Amino acid sequence: MLAGSIAGHEMLSFDKANGFDVLGQLDQLHDFKPDSVIHMAGVLGTHELFDTPAMAIDVNIHGTLRILESCRVMKSGYVGMSLPPVFPSIYTATKLCTDHLATAYHHTYGVPTAKVRAFNAFGPGQKFGAGHPQKIIPTFSVYSWARKPIPIWGDGEQCVDLIDAAQVARVLIEATGVKDDAMIDAGSGVSVTVNEVANYVNAVTGSLVGVEYLPMRRGEIPTEIVALGQGWDRLSFQPSFNDEFLKQTIWSYQSHPAVINGEL
């Protein structure tokens, strides 16, 4: 259990990496009696969760229900992590359910709730490799630094909205002051194609290997995933694309073990 402060708030990190679990004992969370809970725990993945749908339902839905029930008992606010409901995936299904659970607890029990819809978040330290979902920037960066063709599922003309993790965190913190079950977009509103992202990453790394087009994965369809600005009027700032942070993130994968050890 890690304690500290951020943006003037006393903070408790209740994380599985520290021995805690949303499906386990929540006593220490109740002992802390937080004003608000930012609930980010869950299992992620698009095509990956088709192999473990029961686990995804248990962790993402049952785990969220336990946190909402704890918020009701503790009289705490709740901020949940949501997503654009564009993919026909197990993950999307679980997150839509948790959105509705939060709304149910807000209207029935008066739990102060807000939801943050995260788009394509990136930042140094985002995981890559076995056991982790294949996120766009870690995947593209590692392949590019390894001088392997960047894998693109589909024709690459689907659009994404890149937003750095620091701004997502700021949205989550400010969302603790929102009590009326509002949805807030944590995205830049800037639309770029997957092909453009791949070309950008290769330009930063200096790779000349290019890309490799692969069939779309389970749970994915060609689409545009871009923030429309929902809830930005509830924030003290407007999230925006940070080019310099993206470059720093790409550079951070130059020394990833998969690159150094030739594990691709």
# chains A, B, ... in the order shown; residues from 1 in each chain; ligands from 1

$ residues_around --residues "segment 120-127 of chain A" --least-positions-apart "5" --cutoff "6 Å" --atoms "only C-alpha atoms" --output "list in words"
Asp161, Leu162, Ile163, Asp164, Ala165, Thr249 and Ser252 of chain A

$ select_by_dssp --residues "segment 24-215 of chain A" --states "strand (DSSP E)" --output "ChimeraX atom specification"
/A:36-39,77-82,113-118,120-122,150-153,159-160,162-164,180-186,192-193,211-214

$ write_last_selection --atoms "N, CA and C atoms" --output "compact mmCIF listing (two decimals), in the first residue's frame"
# COMPACT_ATOMS: atom_id res chain seq x y z
N SER A 36 -12.89 10.15 -2.45
CA SER A 36 -13.20 9.64 -3.78
C SER A 36 -12.32 8.44 -4.10
N VAL A 37 -12.84 7.55 -4.90
CA VAL A 37 -12.09 6.40 -5.41
C VAL A 37 -12.00 6.54 -6.92
N ILE A 38 -10.76 6.54 -7.44
CA ILE A 38 -10.54 6.48 -8.88
C ILE A 38 -10.30 5.03 -9.23
N HIS A 39 -11.29 4.42 -9.85
CA HIS A 39 -11.26 2.97 -10.09
C HIS A 39 -10.72 2.68 -11.49
N GLY A 77 -17.02 9.30 -3.23
CA GLY A 77 -17.29 9.49 -4.64
C GLY A 77 -16.61 8.40 -5.46
N TYR A 78 -17.07 8.22 -6.68
CA TYR A 78 -16.54 7.18 -7.56
C TYR A 78 -16.22 7.78 -8.92
N VAL A 79 -15.01 7.53 -9.41
CA VAL A 79 -14.63 7.89 -10.77
C VAL A 79 -14.22 6.61 -11.48
N GLY A 80 -14.92 6.26 -12.53
CA GLY A 80 -14.64 5.03 -13.25
C GLY A 80 -13.99 5.29 -14.60
N MET A 81 -13.17 4.34 -15.02
CA MET A 81 -12.52 4.44 -16.32
C MET A 81 -13.40 3.79 -17.37
N SER A 82 -13.76 4.55 -18.38
CA SER A 82 -14.60 4.06 -19.47
C SER A 82 -13.79 4.07 -20.77
N THR A 113 -20.83 10.08 -8.75
CA THR A 113 -20.07 9.33 -9.75
C THR A 113 -19.69 10.21 -10.94
N ALA A 114 -18.61 9.82 -11.60
CA ALA A 114 -18.18 10.40 -12.87
C ALA A 114 -17.47 9.29 -13.64
N LYS A 115 -17.45 9.43 -14.96
CA LYS A 115 -16.78 8.43 -15.80
C LYS A 115 -15.84 9.15 -16.74
N VAL A 116 -14.65 8.60 -16.89
CA VAL A 116 -13.66 9.19 -17.78
C VAL A 116 -13.44 8.23 -18.94
N ARG A 117 -13.72 8.72 -20.13
CA ARG A 117 -13.58 7.91 -21.34
C ARG A 117 -12.18 8.11 -21.90
N ALA A 118 -11.31 7.12 -21.68
CA ALA A 118 -9.93 7.22 -22.13
C ALA A 118 -9.80 6.78 -23.58
N ASN A 120 -6.62 6.72 -26.84
CA ASN A 120 -5.38 5.96 -27.01
C ASN A 120 -4.27 6.57 -26.17
N ALA A 121 -4.27 6.23 -24.89
CA ALA A 121 -3.29 6.79 -23.95
C ALA A 121 -1.92 6.16 -24.19
N PHE A 122 -0.88 6.98 -23.97
CA PHE A 122 0.49 6.48 -24.12
C PHE A 122 1.39 7.17 -23.11
N ILE A 150 6.57 -2.74 -38.72
CA ILE A 150 5.52 -2.46 -37.74
C ILE A 150 4.26 -3.21 -38.14
N PRO A 151 3.69 -4.03 -37.24
CA PRO A 151 2.46 -4.75 -37.59
C PRO A 151 1.25 -3.83 -37.53
N ILE A 152 0.47 -3.83 -38.62
CA ILE A 152 -0.76 -3.05 -38.68
C ILE A 152 -1.89 -4.01 -39.00
N TRP A 153 -2.90 -4.05 -38.12
CA TRP A 153 -4.04 -4.93 -38.33
C TRP A 153 -5.11 -4.18 -39.12
N CYS A 159 -8.84 5.37 -37.60
CA CYS A 159 -8.32 6.56 -36.92
C CYS A 159 -8.26 6.39 -35.41
N VAL A 160 -7.24 6.98 -34.81
CA VAL A 160 -7.07 6.93 -33.36
C VAL A 160 -6.89 8.34 -32.83
N LEU A 162 -4.53 10.03 -29.97
CA LEU A 162 -3.42 9.81 -29.04
C LEU A 162 -3.43 10.88 -27.94
N ILE A 163 -3.35 10.42 -26.70
CA ILE A 163 -3.36 11.34 -25.55
C ILE A 163 -2.36 10.83 -24.52
N ASP A 164 -1.53 11.71 -24.02
CA ASP A 164 -0.50 11.25 -23.07
C ASP A 164 -1.10 10.96 -21.70
N ASP A 180 -22.18 14.21 -10.71
CA ASP A 180 -23.51 13.96 -11.28
C ASP A 180 -23.52 12.91 -12.39
N ASP A 181 -22.56 11.97 -12.34
CA ASP A 181 -22.53 10.84 -13.27
C ASP A 181 -22.20 11.27 -14.70
N ALA A 182 -21.48 12.37 -14.85
CA ALA A 182 -21.13 12.85 -16.18
C ALA A 182 -20.03 11.99 -16.80
N MET A 183 -20.03 11.94 -18.13
CA MET A 183 -18.96 11.30 -18.89
C MET A 183 -18.02 12.38 -19.39
N ILE A 184 -16.70 12.17 -19.21
CA ILE A 184 -15.70 13.15 -19.62
C ILE A 184 -14.70 12.49 -20.56
N ASP A 185 -14.47 13.10 -21.70
CA ASP A 185 -13.52 12.57 -22.67
C ASP A 185 -12.08 12.88 -22.26
N ALA A 186 -11.26 11.84 -22.12
CA ALA A 186 -9.82 12.01 -21.94
C ALA A 186 -9.17 11.67 -23.27
N VAL A 192 -5.89 10.87 -36.17
CA VAL A 192 -4.78 10.45 -37.03
C VAL A 192 -4.99 9.00 -37.42
N THR A 193 -4.57 8.63 -38.61
CA THR A 193 -4.71 7.24 -39.03
C THR A 193 -3.59 6.39 -38.42
N VAL A 211 6.21 -1.27 -42.76
CA VAL A 211 5.10 -1.87 -42.01
C VAL A 211 4.71 -3.21 -42.63
N GLU A 212 3.93 -3.97 -41.88
CA GLU A 212 3.38 -5.24 -42.35
C GLU A 212 1.89 -5.24 -42.06
N TYR A 213 1.07 -5.43 -43.10
CA TYR A 213 -0.38 -5.43 -42.91
C TYR A 213 -0.87 -6.84 -42.61
N LEU A 214 -1.68 -6.94 -41.56
CA LEU A 214 -2.20 -8.22 -41.08
C LEU A 214 -3.72 -8.16 -41.01

$ select_by_dssp --residues "segment 67-167 of chain A" --states "helix (DSSP H, G or I)" --output "NGL selection string"
:A and (67-74 or 90-109 or 136-145 or 165-167)

$ residues_around --residues "Leu44 of chain A" --least-positions-apart "2" --cutoff "9 Å" --atoms "only C-alpha atoms" --output "ChimeraX atom specification"
/A:42,46,48-49,56,60,91,132-133

$ write_last_selection --atoms "C-alpha atoms" --output "CSV table (one decimal), in the first residue's frame"
chain,number,residue,atom,x,y,z
A,42,GLY,CA,-9.3,-4.4,-14.6
A,46,THR,CA,-9.3,-6.5,-27.4
A,48,GLU,CA,-6.9,-11.2,-26.0
A,49,LEU,CA,-10.0,-11.4,-23.8
A,56,ALA,CA,-12.8,-10.5,-17.8
A,60,ASN,CA,-14.1,-6.0,-14.6
A,91,TYR,CA,-13.6,-5.7,-23.0
A,132,HIS,CA,0.0,-7.5,-21.9
A,133,PRO,CA,-2.5,-6.1,-24.5

$ closest_residue --among "A:Ala146, A:Pro222, A:Leu172, A:Ser255" --to "Gly210 of chain A" --atoms "only C-alpha atoms"
A:Ala146

$ closest_residue --among "A:Arg147, A:Cys71, A:Val204, A:Val59" --to "Asp243 of chain A" --atoms "only C-alpha atoms"
A:Val204

$ atom_distance --atom1 "atom CA of Met11 of chain A" --atom2 "atom CA of Arg170 of chain A"
14.0 Å

$ residues_around --residues "Arg218 of chain A" --least-positions-apart "3" --cutoff "10 Å" --atoms "only C-alpha atoms" --output "list in words"
Thr46, His47, Glu48, Leu49, Phe50, Phe87, Pro88, Ser89, Ile90, Pro215 and Ile221 of chain A

$ closest_residue --among "A:Leu29, A:Ala198, A:Met74, A:Met55" --to "Val111 of chain A" --atoms "only C-alpha atoms"
A:Met74

$ closest_residue --among "A:Ser76, A:Asn261, A:Ser191, A:Tyr253" --to "Phe241 of chain A" --atoms "only C-alpha atoms"
A:Ser191

$ atom_distance --atom1 "atom CA of Val259 of chain A" --atom2 "atom CA of Met216 of chain A"
25.0 Å

$ closest_residue --among "A:Leu96, A:Leu235, A:Leu68, A:Val226" --to "Thr176 of chain A" --atoms "only C-alpha atoms"
A:Leu235

$ closest_residue --among "A:Ala166, A:Gln238, A:Gly187, A:Ile57" --to "Ala93 of chain A" --atoms "only C-alpha atoms"
A:Ile57

$ atom_distance --atom1 "atom CA of Asn199 of chain A" --atom2 "atom CA of Pro257 of chain A"
22.9 Å

$ decode --residues "segment 97-134 of chain A" --atoms "N, CA and C atoms" --output "short mmCIF file (atom, residue, chain, number, x, y, z; two decimals), in the first residue's frame"
data_model
loop_
_atom_site.label_atom_id
_atom_site.label_comp_id
_atom_site.auth_asym_id
_atom_site.auth_seq_id
_atom_site.Cartn_x
_atom_site.Cartn_y
_atom_site.Cartn_z
N CYS A 97 -20.98 -2.30 -19.23
CA CYS A 97 -21.72 -2.76 -18.05
C CYS A 97 -21.33 -1.95 -16.81
N THR A 98 -20.03 -1.70 -16.63
CA THR A 98 -19.60 -0.95 -15.45
C THR A 98 -20.11 0.49 -15.50
N ASP A 99 -20.18 1.06 -16.71
CA ASP A 99 -20.77 2.41 -16.82
C ASP A 99 -22.20 2.42 -16.29
N HIS A 100 -22.97 1.41 -16.68
CA HIS A 100 -24.37 1.34 -16.25
C HIS A 100 -24.48 1.04 -14.76
N LEU A 101 -23.56 0.25 -14.24
CA LEU A 101 -23.56 0.00 -12.80
C LEU A 101 -23.33 1.29 -12.02
N ALA A 102 -22.40 2.11 -12.49
CA ALA A 102 -22.14 3.38 -11.82
C ALA A 102 -23.37 4.27 -11.84
N THR A 103 -24.04 4.32 -12.99
CA THR A 103 -25.26 5.11 -13.10
C THR A 103 -26.33 4.58 -12.15
N ALA A 104 -26.45 3.28 -12.04
CA ALA A 104 -27.44 2.67 -11.15
C ALA A 104 -27.17 3.06 -9.70
N TYR A 105 -25.89 3.01 -9.28
CA TYR A 105 -25.56 3.36 -7.89
C TYR A 105 -25.72 4.86 -7.65
N HIS A 106 -25.51 5.65 -8.69
CA HIS A 106 -25.69 7.09 -8.54
C HIS A 106 -27.17 7.42 -8.32
N HIS A 107 -28.03 6.86 -9.16
CA HIS A 107 -29.45 7.21 -9.10
C HIS A 107 -30.17 6.54 -7.94
N THR A 108 -29.76 5.33 -7.58
CA THR A 108 -30.46 4.59 -6.54
C THR A 108 -29.94 4.92 -5.14
N TYR A 109 -28.62 5.04 -5.01
CA TYR A 109 -28.03 5.24 -3.69
C TYR A 109 -27.43 6.63 -3.49
N GLY A 110 -27.41 7.45 -4.53
CA GLY A 110 -26.84 8.78 -4.40
C GLY A 110 -25.33 8.82 -4.37
N VAL A 111 -24.66 7.75 -4.84
CA VAL A 111 -23.20 7.76 -4.88
C VAL A 111 -22.75 8.81 -5.90
N PRO A 112 -21.91 9.76 -5.51
CA PRO A 112 -21.39 10.73 -6.48
C PRO A 112 -20.49 10.01 -7.49
N THR A 113 -20.83 10.08 -8.75
CA THR A 113 -20.07 9.33 -9.75
C THR A 113 -19.69 10.21 -10.94
N ALA A 114 -18.61 9.82 -11.60
CA ALA A 114 -18.18 10.40 -12.87
C ALA A 114 -17.47 9.29 -13.64
N LYS A 115 -17.45 9.43 -14.96
CA LYS A 115 -16.78 8.43 -15.80
C LYS A 115 -15.84 9.15 -16.74
N VAL A 116 -14.65 8.60 -16.89
CA VAL A 116 -13.66 9.19 -17.78
C VAL A 116 -13.44 8.23 -18.94
N ARG A 117 -13.72 8.72 -20.13
CA ARG A 117 -13.58 7.91 -21.34
C ARG A 117 -12.18 8.11 -21.90
N ALA A 118 -11.31 7.12 -21.68
CA ALA A 118 -9.93 7.22 -22.13
C ALA A 118 -9.80 6.78 -23.58
N PHE A 119 -9.03 7.54 -24.35
CA PHE A 119 -8.78 7.19 -25.74
C PHE A 119 -7.43 6.48 -25.83
N ASN A 120 -6.62 6.72 -26.84
CA ASN A 120 -5.38 5.96 -27.01
C ASN A 120 -4.27 6.57 -26.17
N ALA A 121 -4.27 6.23 -24.89
CA ALA A 121 -3.29 6.79 -23.95
C ALA A 121 -1.92 6.16 -24.19
N PHE A 122 -0.88 6.98 -23.97
CA PHE A 122 0.49 6.48 -24.12
C PHE A 122 1.39 7.17 -23.11
N GLY A 123 2.54 6.55 -22.85
CA GLY A 123 3.52 7.13 -21.96
C GLY A 123 4.62 6.14 -21.67
N PRO A 124 5.82 6.62 -21.30
CA PRO A 124 6.91 5.72 -20.95
C PRO A 124 6.49 4.76 -19.84
N GLY A 125 6.88 3.52 -19.98
CA GLY A 125 6.52 2.52 -18.97
C GLY A 125 5.29 1.71 -19.32
N GLN A 126 4.56 2.12 -20.37
CA GLN A 126 3.42 1.31 -20.80
C GLN A 126 3.94 -0.05 -21.26
N LYS A 127 3.32 -1.12 -20.79
CA LYS A 127 3.85 -2.46 -20.94
C LYS A 127 3.80 -2.95 -22.39
N PHE A 128 4.78 -3.78 -22.72
CA PHE A 128 4.80 -4.48 -24.00
C PHE A 128 5.31 -5.89 -23.75
N GLY A 129 4.68 -6.86 -24.40
CA GLY A 129 5.17 -8.23 -24.31
C GLY A 129 4.11 -9.20 -23.87
N ALA A 130 4.51 -10.45 -23.66
CA ALA A 130 3.59 -11.51 -23.30
C ALA A 130 2.83 -11.16 -22.03
N GLY A 131 1.53 -11.41 -22.06
CA GLY A 131 0.70 -11.12 -20.90
C GLY A 131 0.14 -9.72 -20.86
N HIS A 132 0.48 -8.90 -21.85
CA HIS A 132 0.00 -7.53 -21.90
C HIS A 132 -0.71 -7.27 -23.23
N PRO A 133 -1.78 -6.48 -23.23
CA PRO A 133 -2.45 -6.15 -24.49
C PRO A 133 -1.52 -5.37 -25.40
N GLN A 134 -1.73 -5.51 -26.69
CA GLN A 134 -0.85 -4.89 -27.68
C GLN A 134 -1.29 -3.45 -27.95
#
